[in-house]
>>> print(open('structure-v7.txt').read())   # compact mmCIF, C-alpha atoms
# COMPACT_ATOMS: atom_id res chain seq x y z
CA MET A 1 -35.18 4.37 84.71
CA LYS A 2 -34.41 5.77 81.28
CA ARG A 3 -36.59 8.55 79.95
CA THR A 4 -36.98 9.01 76.22
CA LEU A 5 -37.10 12.78 75.83
CA HIS A 6 -39.08 13.69 72.75
CA GLY A 7 -39.44 17.15 71.21
CA VAL A 8 -42.43 18.40 73.17
CA THR A 9 -43.67 21.98 73.09
CA LEU A 10 -44.74 23.80 76.22
CA ALA A 11 -48.32 23.78 74.96
CA ALA A 12 -48.26 20.00 74.75
CA VAL A 13 -46.99 19.78 78.31
CA LEU A 14 -49.71 22.12 79.53
CA PHE A 15 -52.50 20.41 77.64
CA ALA A 16 -51.69 16.72 77.87
CA GLY A 17 -54.48 14.78 76.28
CA GLY A 18 -56.50 17.97 75.89
CA ILE A 19 -56.67 18.51 79.65
CA SER A 20 -55.22 21.69 81.16
CA LEU A 21 -52.89 21.32 84.12
CA ALA A 22 -54.80 24.17 85.72
CA GLN A 23 -57.97 22.09 85.99
CA SER A 24 -58.86 21.00 89.50
CA SER A 25 -61.88 18.77 88.90
CA ALA A 26 -61.58 15.03 88.48
CA SER A 27 -61.64 13.51 85.00
CA PRO A 28 -62.59 10.03 83.77
CA SER A 29 -58.89 9.12 83.49
CA THR A 30 -58.25 9.98 87.15
CA LYS A 31 -58.57 7.29 89.77
CA SER A 32 -57.76 6.85 93.41
CA GLY A 33 -54.74 4.64 93.94
CA THR A 34 -54.08 2.36 96.86
CA GLN A 35 -52.81 3.55 100.24
CA GLY A 36 -54.15 7.08 99.87
CA MET A 37 -52.62 7.79 96.47
CA ALA A 38 -54.32 9.56 93.57
CA GLU A 39 -53.30 8.44 90.09
CA PHE A 40 -53.43 10.22 86.74
CA LYS A 41 -51.95 8.89 83.48
CA GLY A 42 -49.49 6.68 85.38
CA PHE A 43 -48.39 9.42 87.80
CA THR A 44 -49.30 9.39 91.48
CA ALA A 45 -49.64 11.86 94.35
CA PRO A 46 -50.59 11.32 97.99
CA THR A 47 -54.06 12.48 98.90
CA ASP A 48 -52.83 13.30 102.41
CA PRO A 49 -51.70 16.97 102.46
CA LYS A 50 -48.70 16.35 104.76
CA ALA A 51 -47.40 13.49 102.61
CA PHE A 52 -47.84 15.57 99.47
CA LEU A 53 -46.10 18.61 100.97
CA GLU A 54 -43.19 16.40 102.06
CA ARG A 55 -42.74 15.30 98.46
CA LEU A 56 -42.81 18.88 97.22
CA HIS A 57 -40.23 19.78 99.88
CA TYR A 58 -38.06 16.82 98.83
CA ILE A 59 -38.27 17.84 95.15
CA ASN A 60 -37.41 21.46 95.91
CA GLN A 61 -34.42 20.52 98.05
CA SER A 62 -33.17 18.07 95.41
CA GLU A 63 -33.47 20.73 92.71
CA ILE A 64 -31.60 23.28 94.82
CA LYS A 65 -28.75 20.87 95.64
CA GLN A 66 -28.28 19.80 92.02
CA ALA A 67 -28.41 23.41 90.80
CA GLN A 68 -25.84 24.50 93.38
CA LEU A 69 -23.60 21.69 92.17
CA ALA A 70 -24.12 22.88 88.58
CA LEU A 71 -22.91 26.35 89.55
CA GLN A 72 -19.67 24.71 90.74
CA ASN A 73 -19.12 21.99 88.12
CA SER A 74 -20.31 23.64 84.90
CA GLN A 75 -18.50 26.28 82.89
CA ASN A 76 -21.30 26.59 80.33
CA PRO A 77 -23.08 29.98 80.57
CA ASP A 78 -26.45 28.53 79.53
CA VAL A 79 -26.24 25.79 82.16
CA GLN A 80 -25.06 28.30 84.76
CA SER A 81 -27.97 30.62 83.95
CA TYR A 82 -30.47 27.77 84.17
CA ALA A 83 -28.99 26.53 87.45
CA LYS A 84 -29.16 30.00 89.00
CA MET A 85 -32.81 30.23 88.02
CA MET A 86 -33.44 26.81 89.59
CA VAL A 87 -31.86 27.85 92.89
CA ASP A 88 -33.93 31.03 93.05
CA ALA A 89 -37.21 29.47 91.89
CA HIS A 90 -37.10 26.37 94.07
CA THR A 91 -35.88 28.28 97.12
CA ALA A 92 -38.92 30.55 96.79
CA ALA A 93 -41.22 27.59 96.09
CA ASP A 94 -39.90 25.67 99.09
CA LYS A 95 -40.49 28.64 101.37
CA LYS A 96 -44.14 28.65 100.31
CA VAL A 97 -44.37 24.92 101.04
CA THR A 98 -42.76 25.15 104.48
CA ASP A 99 -44.65 28.33 105.43
CA TYR A 100 -47.95 26.69 104.53
CA ALA A 101 -47.01 23.55 106.46
CA LYS A 102 -46.23 25.65 109.55
CA SER A 103 -49.56 27.44 109.24
CA GLN A 104 -51.22 24.02 109.36
CA SER A 105 -49.02 22.83 112.27
CA LEU A 106 -47.40 20.22 110.04
CA LYS A 107 -43.75 19.25 110.53
CA LEU A 108 -42.28 18.07 107.25
CA ALA A 109 -39.58 15.42 106.98
CA ASP A 110 -36.71 16.27 104.62
CA THR A 111 -37.06 12.84 103.02
CA PRO A 112 -40.59 11.43 102.61
CA LYS A 113 -41.33 7.99 103.96
CA ALA A 114 -41.62 5.74 100.91
CA THR A 115 -45.07 4.19 100.60
CA ASN A 116 -44.07 1.36 98.27
CA ASP A 117 -41.15 -0.32 96.50
CA THR A 118 -41.42 2.06 93.56
CA GLU A 119 -40.79 5.08 95.76
CA ARG A 120 -37.97 3.35 97.61
CA LYS A 121 -36.24 2.55 94.33
CA SER A 122 -36.88 6.07 93.05
CA MET A 123 -35.29 7.69 96.09
CA ALA A 124 -32.29 5.38 95.77
CA ALA A 125 -32.01 6.42 92.11
CA ASP A 126 -32.14 10.10 93.11
CA LYS A 127 -29.21 9.52 95.47
CA ALA A 128 -27.28 7.69 92.76
CA ASP A 129 -27.96 10.53 90.30
CA MET A 130 -26.52 13.08 92.71
CA GLU A 131 -23.45 10.94 93.36
CA LYS A 132 -22.90 10.57 89.61
CA LEU A 133 -23.15 14.33 89.07
CA GLN A 134 -20.66 14.98 91.87
CA GLY A 135 -18.06 13.03 89.91
CA LEU A 136 -18.57 14.95 86.65
CA LYS A 137 -17.39 18.32 85.38
CA GLY A 138 -17.63 20.30 82.16
CA PRO A 139 -19.61 18.96 79.16
CA PRO A 140 -20.27 15.48 80.68
CA PHE A 141 -21.77 17.18 83.72
CA ASP A 142 -23.80 19.58 81.58
CA SER A 143 -25.48 16.91 79.45
CA ASN A 144 -26.27 14.63 82.40
CA TYR A 145 -27.57 17.45 84.59
CA VAL A 146 -29.79 19.09 81.99
CA ALA A 147 -31.18 15.83 80.57
CA GLY A 148 -32.02 14.81 84.13
CA GLN A 149 -33.77 18.14 84.62
CA VAL A 150 -36.12 17.52 81.69
CA ALA A 151 -37.06 14.12 83.12
CA ALA A 152 -37.34 15.43 86.69
CA HIS A 153 -39.74 18.17 85.65
CA ASP A 154 -41.84 15.70 83.68
CA GLU A 155 -42.15 13.76 86.94
CA ALA A 156 -43.00 16.84 89.01
CA ILE A 157 -45.61 18.01 86.49
CA GLY A 158 -47.19 14.55 86.57
CA MET A 159 -47.35 14.54 90.37
CA VAL A 160 -48.99 17.98 90.44
CA LEU A 161 -51.46 16.88 87.77
CA ALA A 162 -52.40 13.81 89.82
CA ALA A 163 -52.82 15.96 92.94
CA GLN A 164 -54.99 18.51 91.14
CA HIS A 165 -57.30 15.82 89.85
CA GLY A 166 -57.38 13.54 92.88
CA MET A 167 -56.55 15.37 96.10
CA GLY A 168 -59.55 17.67 96.30
CA ALA A 169 -57.38 20.55 97.57
CA THR A 170 -59.01 23.85 98.49
CA GLY A 171 -57.91 27.31 99.55
CA GLU A 172 -54.18 28.05 99.78
CA LEU A 173 -53.15 24.52 98.85
CA ALA A 174 -55.26 24.63 95.68
CA THR A 175 -53.65 27.97 94.79
CA MET A 176 -50.21 26.46 95.34
CA LEU A 177 -51.05 23.62 92.94
CA THR A 178 -52.28 26.08 90.32
CA ASN A 179 -49.07 28.12 90.60
CA LEU A 180 -46.96 24.97 90.30
CA SER A 181 -48.93 23.87 87.24
CA GLN A 182 -47.97 27.16 85.61
CA GLU A 183 -44.32 27.37 86.72
CA LEU A 184 -43.05 23.80 86.40
CA PRO A 185 -43.72 23.52 82.64
CA LYS A 186 -41.71 26.74 82.18
CA HIS A 187 -38.79 25.15 84.03
CA ARG A 188 -39.11 22.01 81.94
CA ASP A 189 -39.22 24.01 78.72
CA MET A 190 -36.10 25.97 79.71
CA ALA A 191 -34.26 22.74 80.49
CA TYR A 192 -35.30 21.29 77.14
CA GLN A 193 -34.10 24.38 75.27
CA THR A 194 -30.80 24.32 77.18
CA LEU A 195 -30.35 20.65 76.31
CA GLY A 196 -30.92 21.52 72.66
CA LYS A 197 -28.17 24.14 72.79
CA LEU A 198 -25.78 21.62 74.34
CA ASN A 199 -26.57 19.06 71.65
CA ASP A 200 -26.15 21.66 68.90
CA ALA A 201 -22.74 22.59 70.27
CA LEU A 202 -21.71 18.93 70.26
CA GLY A 203 -23.18 18.27 66.82
CA VAL A 204 -25.66 15.78 68.29
CA GLY A 205 -29.25 15.28 67.11
CA GLY A 206 -32.29 17.12 68.47
CA ALA A 207 -32.75 17.89 72.14
CA GLY A 208 -33.43 14.82 74.16
CA GLN A 209 -31.53 12.46 71.87
CA GLY A 210 -28.32 12.63 73.89
CA GLY A 211 -27.41 10.54 76.89
CA GLY A 212 -28.58 11.27 80.38
CA MET A 213 -28.91 9.91 83.87
CA ASP A 214 -31.22 7.12 84.89
CA HIS A 215 -33.44 9.51 86.79
CA GLY A 216 -35.59 7.86 89.43
CA GLY A 217 -37.98 10.60 90.46
CA MET A 218 -41.05 10.13 92.65
CA ASN A 219 -43.31 8.78 89.90
CA HIS A 220 -43.18 6.69 86.78
CA GLY A 221 -45.25 6.00 83.69
CA THR A 222 -46.02 8.07 80.62
CA SER A 223 -44.99 11.70 80.79
CA PRO A 224 -47.62 14.46 81.07
CA SER A 225 -46.89 15.20 77.42
CA GLY A 226 -47.71 11.64 76.43
CA SER A 227 -44.12 10.59 75.67
CA THR A 228 -43.18 7.16 76.95
CA LYS A 229 -40.62 6.50 79.65
CA THR A 230 -38.91 3.17 79.41
CA LYS A 231 -36.54 1.35 81.68
>>> encode(input="structure-v7.txt", output="structure tokens")
Amino acid sequence: MKRTLHGVTLAAVLFAGGISLAQSSASPSTKSGTQGMAEFKGFTAPTDPKAFLERLHYINQSEIKQAQLALQNSQNPDVQSYAKMMVDAHTAADKKVTDYAKSQSLKLADTPKATNDTERKSMAADKADMEKLQGLKGPPFDSNYVAGQVAAHDEAIGMVLAAQHGMGATGELATMLTNLSQELPKHRDMAYQTLGKLNDALGVGGAGQGGGMDHGGMNHGTSPSGSTKTK
């Protein structure tokens, strides 16, 4: 699924449609999806805590694996720096997820059970993305990896937004969502800036105009910033 990556500021990501990611109350544009899914602006999140935590765990592990590959296959210092930050940040984030799950006596699967055809196709696309990256090195790897990171973080932000507005989380889980709503846009912004540097070096147009992977992700629809994702 192709993502059109427009020039979006961090403020626009944080305040999509005038609504802060840090809000936890439901809004008129939030609705409960089918099969225990909350939906917000085309993004979905399970309302069941275990199912949601499994998706966070899956995202963290995917980010770590791709970043570790970037440390091997990229020679670009900006990409290397970003990848190192991703390994550190998502390792720490995943520990919080798994520690919380243990405290609730929840055993998380490494790969969530897909609830519908969209998720099944998305997980297959994630696998294809990783296989594509494994066959690339140097500049082709850099552009595909970083463009995919912008799209992946749009997806993760959207899922957190849906959870905040539709899950009704309290206590430690609500705090985790708030922290994610603050950290994920920073990751996305760093990826976008890194993509801009790569495009400048290649003499390509603005960040987001270059090629990238067909990134599946766990959600689909308009991005939290309001930019459209098209197939």
>>> atom_distance(input="structure-v7.txt", atom1="CA of Leu195 in chain A", atom2="CA of Asp126 in chain A")
19.9 Å
>>> atom_distance(input="structure-v7.txt", atom1="CA of Val79 in chain A", atom2="CA of Phe52 in chain A")
29.5 Å
>>> residues_around(input="structure-v7.txt", residues="range 102-106 of chain A", least_positions_apart="3", cutoff="12 Å", atoms="all atoms listed in the file", output="PyMOL selection string")
chain A and resi 48-54+95-99+109+172-173
>>> closest_residue(input="structure-v7.txt", among="A:Gly158, A:Gly168, A:Pro112, A:Pro77", to="Gly138 in chain A", atoms="all atoms listed in the file")
A:Pro77
>>> atom_distance(input="structure-v7.txt", atom1="CA of Asp117 in chain A", atom2="CA of Leu133 in chain A")
24.4 Å
>>> closest_residue(input="structure-v7.txt", among="A:Ala83, A:Leu136, A:Ala92, A:Ala147", to="Lys197 in chain A", atoms="only C-alpha atoms")
A:Ala147
>>> closest_residue(input="structure-v7.txt", among="A:Ala201, A:Val87, A:Leu177, A:Leu69", to="Glu131 in chain A", atoms="all atoms listed in the file")
A:Leu69
>>> residues_near_point(input="structure-v7.txt", point="(-24.3, 21.4, 75.1)", cutoff="9 Å", atoms="only C-alpha atoms", output="compact mmCIF listing (two decimals) with C-alpha atoms, keeping the file's coordinate frame")
# COMPACT_ATOMS: atom_id res chain seq x y z
CA ASN A 76 -21.30 26.59 80.33
CA ASP A 78 -26.45 28.53 79.53
CA VAL A 79 -26.24 25.79 82.16
CA PRO A 139 -19.61 18.96 79.16
CA ASP A 142 -23.80 19.58 81.58
CA SER A 143 -25.48 16.91 79.45
CA THR A 194 -30.80 24.32 77.18
CA LEU A 195 -30.35 20.65 76.31
CA GLY A 196 -30.92 21.52 72.66
CA LYS A 197 -28.17 24.14 72.79
CA LEU A 198 -25.78 21.62 74.34
CA ASN A 199 -26.57 19.06 71.65
CA ASP A 200 -26.15 21.66 68.90
CA ALA A 201 -22.74 22.59 70.27
CA LEU A 202 -21.71 18.93 70.26
CA GLY A 203 -23.18 18.27 66.82
CA VAL A 204 -25.66 15.78 68.29
>>> closest_residue(input="structure-v7.txt", among="A:Thr178, A:Gln66, A:Thr115, A:Gln193", to="Pro46 in chain A", atoms="all atoms listed in the file")
A:Thr115
>>> build_atoms(input="structure-v7.txt", residues="range 41-61 of chain A", atoms="N, CA, C and O atoms", output="PDB file, in the frame of the given file")
ATOM      1  N   LYS A  41     -52.824   9.214  84.619  1.00  0.00           N
ATOM      2  CA  LYS A  41     -51.950   8.890  83.480  1.00  0.00           C
ATOM      3  C   LYS A  41     -50.630   8.251  83.922  1.00  0.00           C
ATOM      4  O   LYS A  41     -49.557   8.547  83.390  1.00  0.00           O
ATOM      5  N   GLY A  42     -50.682   7.383  84.929  1.00  0.00           N
ATOM      6  CA  GLY A  42     -49.490   6.680  85.380  1.00  0.00           C
ATOM      7  C   GLY A  42     -48.696   7.409  86.443  1.00  0.00           C
ATOM      8  O   GLY A  42     -47.743   6.858  86.988  1.00  0.00           O
ATOM      9  N   PHE A  43     -49.062   8.652  86.754  1.00  0.00           N
ATOM     10  CA  PHE A  43     -48.390   9.420  87.800  1.00  0.00           C
ATOM     11  C   PHE A  43     -49.236   9.374  89.064  1.00  0.00           C
ATOM     12  O   PHE A  43     -50.461   9.255  89.006  1.00  0.00           O
ATOM     13  N   THR A  44     -48.589   9.477  90.220  1.00  0.00           N
ATOM     14  CA  THR A  44     -49.300   9.390  91.480  1.00  0.00           C
ATOM     15  C   THR A  44     -48.954  10.566  92.388  1.00  0.00           C
ATOM     16  O   THR A  44     -47.903  11.193  92.241  1.00  0.00           O
ATOM     17  N   ALA A  45     -49.858  10.834  93.323  1.00  0.00           N
ATOM     18  CA  ALA A  45     -49.640  11.860  94.350  1.00  0.00           C
ATOM     19  C   ALA A  45     -50.414  11.447  95.585  1.00  0.00           C
ATOM     20  O   ALA A  45     -51.534  10.940  95.478  1.00  0.00           O
ATOM     21  N   PRO A  46     -49.849  11.646  96.767  1.00  0.00           N
ATOM     22  CA  PRO A  46     -50.590  11.320  97.990  1.00  0.00           C
ATOM     23  C   PRO A  46     -51.810  12.219  98.131  1.00  0.00           C
ATOM     24  O   PRO A  46     -51.766  13.401  97.787  1.00  0.00           O
ATOM     25  N   THR A  47     -52.879  11.668  98.627  1.00  0.00           N
ATOM     26  CA  THR A  47     -54.060  12.480  98.900  1.00  0.00           C
ATOM     27  C   THR A  47     -53.968  13.152 100.263  1.00  0.00           C
ATOM     28  O   THR A  47     -54.710  14.091 100.540  1.00  0.00           O
ATOM     29  N   ASP A  48     -53.058  12.679 101.105  1.00  0.00           N
ATOM     30  CA  ASP A  48     -52.830  13.300 102.410  1.00  0.00           C
ATOM     31  C   ASP A  48     -51.975  14.553 102.231  1.00  0.00           C
ATOM     32  O   ASP A  48     -50.876  14.476 101.669  1.00  0.00           O
ATOM     33  N   PRO A  49     -52.443  15.724 102.677  1.00  0.00           N
ATOM     34  CA  PRO A  49     -51.700  16.970 102.460  1.00  0.00           C
ATOM     35  C   PRO A  49     -50.269  16.933 102.992  1.00  0.00           C
ATOM     36  O   PRO A  49     -49.346  17.403 102.325  1.00  0.00           O
ATOM     37  N   LYS A  50     -50.053  16.387 104.191  1.00  0.00           N
ATOM     38  CA  LYS A  50     -48.700  16.350 104.760  1.00  0.00           C
ATOM     39  C   LYS A  50     -47.770  15.517 103.888  1.00  0.00           C
ATOM     40  O   LYS A  50     -46.637  15.931 103.596  1.00  0.00           O
ATOM     41  N   ALA A  51     -48.233  14.354 103.457  1.00  0.00           N
ATOM     42  CA  ALA A  51     -47.400  13.490 102.610  1.00  0.00           C
ATOM     43  C   ALA A  51     -47.091  14.173 101.284  1.00  0.00           C
ATOM     44  O   ALA A  51     -45.965  14.081 100.775  1.00  0.00           O
ATOM     45  N   PHE A  52     -48.067  14.873 100.733  1.00  0.00           N
ATOM     46  CA  PHE A  52     -47.840  15.570  99.470  1.00  0.00           C
ATOM     47  C   PHE A  52     -46.848  16.716  99.645  1.00  0.00           C
ATOM     48  O   PHE A  52     -45.931  16.896  98.833  1.00  0.00           O
ATOM     49  N   LEU A  53     -47.010  17.492 100.707  1.00  0.00           N
ATOM     50  CA  LEU A  53     -46.100  18.610 100.970  1.00  0.00           C
ATOM     51  C   LEU A  53     -44.672  18.112 101.194  1.00  0.00           C
ATOM     52  O   LEU A  53     -43.707  18.766 100.784  1.00  0.00           O
ATOM     53  N   GLU A  54     -44.528  16.960 101.850  1.00  0.00           N
ATOM     54  CA  GLU A  54     -43.190  16.400 102.060  1.00  0.00           C
ATOM     55  C   GLU A  54     -42.524  16.067 100.728  1.00  0.00           C
ATOM     56  O   GLU A  54     -41.312  16.256 100.564  1.00  0.00           O
ATOM     57  N   ARG A  55     -43.305  15.605  99.770  1.00  0.00           N
ATOM     58  CA  ARG A  55     -42.740  15.300  98.460  1.00  0.00           C
ATOM     59  C   ARG A  55     -42.374  16.565  97.700  1.00  0.00           C
ATOM     60  O   ARG A  55     -41.351  16.605  97.015  1.00  0.00           O
ATOM     61  N   LEU A  56     -43.178  17.595  97.832  1.00  0.00           N
ATOM     62  CA  LEU A  56     -42.810  18.880  97.220  1.00  0.00           C
ATOM     63  C   LEU A  56     -41.526  19.417  97.850  1.00  0.00           C
ATOM     64  O   LEU A  56     -40.640  19.919  97.144  1.00  0.00           O
ATOM     65  N   HIS A  57     -41.426  19.319  99.163  1.00  0.00           N
ATOM     66  CA  HIS A  57     -40.230  19.780  99.880  1.00  0.00           C
ATOM     67  C   HIS A  57     -39.001  18.997  99.420  1.00  0.00           C
ATOM     68  O   HIS A  57     -37.936  19.578  99.171  1.00  0.00           O
ATOM     69  N   TYR A  58     -39.155  17.695  99.283  1.00  0.00           N
ATOM     70  CA  TYR A  58     -38.060  16.820  98.830  1.00  0.00           C
ATOM     71  C   TYR A  58     -37.623  17.210  97.414  1.00  0.00           C
ATOM     72  O   TYR A  58     -36.419  17.307  97.128  1.00  0.00           O
ATOM     73  N   ILE A  59     -38.589  17.443  96.526  1.00  0.00           N
ATOM     74  CA  ILE A  59     -38.270  17.840  95.150  1.00  0.00           C
ATOM     75  C   ILE A  59     -37.543  19.175  95.130  1.00  0.00           C
ATOM     76  O   ILE A  59     -36.528  19.339  94.445  1.00  0.00           O
ATOM     77  N   ASN A  60     -38.053  20.145  95.881  1.00  0.00           N
ATOM     78  CA  ASN A  60     -37.410  21.460  95.910  1.00  0.00           C
ATOM     79  C   ASN A  60     -35.976  21.376  96.414  1.00  0.00           C
ATOM     80  O   ASN A  60     -35.062  21.974  95.830  1.00  0.00           O
ATOM     81  N   GLN A  61     -35.769  20.638  97.497  1.00  0.00           N
ATOM     82  CA  GLN A  61     -34.420  20.520  98.050  1.00  0.00           C
ATOM     83  C   GLN A  61     -33.482  19.801  97.083  1.00  0.00           C
ATOM     84  O   GLN A  61     -32.310  20.171  96.942  1.00  0.00           O
TER      85      GLN A  61
END
